[in-house]
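Enquirer: What follows is a single structure, and I will ask about it in a moment.
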Amino acid sequence: MSPRFSVLTLLLFALPASAQDAVIASPIDGSTVILPAPDIAAESVRALTAPGAMLRGLDKVSGEVVDLALGVGETAEVGRIAVTLGECRYPEDNPSGEAYAWLDIRDMAREATVFSGWMIASSPALNALDHARYDVWVIRCSTA
């Protein structure tokens with residue numbers, strides 16, 4: 001995917017649903033395509049902030065799986081990486097799913113941040129940790 005196409009795609013999704021019948025540049029030949037407006041009415045969903053989150057960590061070498069219950073601002077270790085929960089949010093109408101959390105993950109052996117950003121429970125591969133040995137993903141927000 002070319003950088004130009006990905007920026008245009010991100011800009012398209014940042015628009016309100018009523019304006020998403022916009023022009024899209026083709027990544028192959030640079031031509032433009034106008035998509036018809038969707039028939040589905042967009043609904044506004046309120047996101048609530050949770051006091052914590054349930055995460056799952058995997059050591060890909062040993063196969064060890066660890067569940068981490070973290071409060072906002074807490075840090076836990078999965079092997080040689082340290083996972084810090086910055087925030088967890090979930091839609092008001094679906095507290096058990098569709099959670100997304102801000103995570104900061106540091107590789108303690110290299111003393112470097114290997115991930116910093118939002119991770120989405122329903123689509124963990126959308127913005128995933130890229131580490132040779134460890135994997136971490138969001139399960140849900142803690143609502144209590």
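Chains: A, B, ... in order of the structure tokens. Residues: from 1 per chain. Ligands: from 1, in order shown.
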Could you pull the residues within 10 Å of segment 71-79 of chain A, counting only C-alpha atoms, minus those fewer than 4 positions along the same chain, as an mmCIF file with C-alpha atoms, in the first residue's frame?

Expert:
```cif
data_model
loop_
_atom_site.group_PDB
_atom_site.id
_atom_site.type_symbol
_atom_site.label_atom_id
_atom_site.label_comp_id
_atom_site.auth_asym_id
_atom_site.auth_seq_id
_atom_site.Cartn_x
_atom_site.Cartn_y
_atom_site.Cartn_z
ATOM 1 C CA ALA A 50 -12.874 2.003 32.747
ATOM 2 C CA PRO A 51 -10.685 1.806 35.858
ATOM 3 C CA GLY A 52 -8.693 -1.097 34.432
ATOM 4 C CA ALA A 53 -8.359 -3.791 31.789
ATOM 5 C CA MET A 54 -7.820 -7.519 31.335
ATOM 6 C CA ARG A 56 -3.412 -11.515 27.792
ATOM 7 C CA GLY A 57 0.287 -12.080 27.209
ATOM 8 C CA LEU A 58 1.963 -14.893 25.292
ATOM 9 C CA ASP A 59 5.563 -16.082 25.289
ATOM 10 C CA GLU A 64 3.206 -19.715 28.330
ATOM 11 C CA VAL A 65 0.004 -17.637 28.462
ATOM 12 C CA VAL A 66 -0.491 -15.058 31.215
ATOM 13 C CA ASP A 67 -3.639 -13.055 32.001
ATOM 14 C CA VAL A 83 3.206 -3.593 29.955
ATOM 15 C CA THR A 84 1.707 -0.341 31.289
ATOM 16 C CA LEU A 85 -1.994 0.434 30.947
ATOM 17 C CA GLY A 86 -2.634 4.092 30.178
ATOM 18 C CA GLU A 87 -6.397 3.984 29.668
ATOM 19 C CA CYS A 88 -9.206 1.586 28.751
ATOM 20 C CA ALA A 101 -6.820 0.316 25.573
ATOM 21 C CA TRP A 102 -3.788 2.605 25.448
ATOM 22 C CA LEU A 103 -0.715 0.488 26.169
ATOM 23 C CA ASP A 104 2.949 1.316 26.569
ATOM 24 C CA ILE A 105 5.145 -1.777 26.225
ATOM 25 C CA ARG A 106 8.877 -1.717 26.935
ATOM 26 C CA ASP A 107 11.470 -4.372 26.205
ATOM 27 C CA MET A 108 13.502 -4.355 29.421
ATOM 28 C CA ARG A 133 9.113 -13.404 21.283
ATOM 29 C CA TYR A 134 6.108 -11.837 23.040
ATOM 30 C CA ASP A 135 2.550 -11.002 22.131
ATOM 31 C CA VAL A 136 0.062 -8.940 24.152
ATOM 32 C CA CYS A 141 -12.056 -3.413 30.155
ATOM 33 C CA SER A 142 -12.690 -3.904 33.862
#
```

Enquirer: Apply DSSP to the backbone of this structure and, from segment 39-129 of chain A, keep only the residues in strand (DSSP E); write these as a PyMOL selection string.

Expert: chain A and resi 47-50+52-59+65-71+75-78+81-91+100-107+112-120

Enquirer: Could you tell me how far atom CA of Glu98 of chain A lies from atom CA of Asp130 of chain A, in Å and to one decimal?

Expert: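 Pair atom CA of Glu98 of chain A / atom CA of Asp130 of chain A returns 21.5 Å.
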
Enquirer: Using only C-alpha atoms, can you tell me which of A:Asp93, A:Val138, A:Pro124, A:Glu111 comes closest to Ser44 of chain A?

Expert: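 When distances to Ser44 of chain A are compared using only C-alpha atoms, the smallest one comes from A:Asp93.
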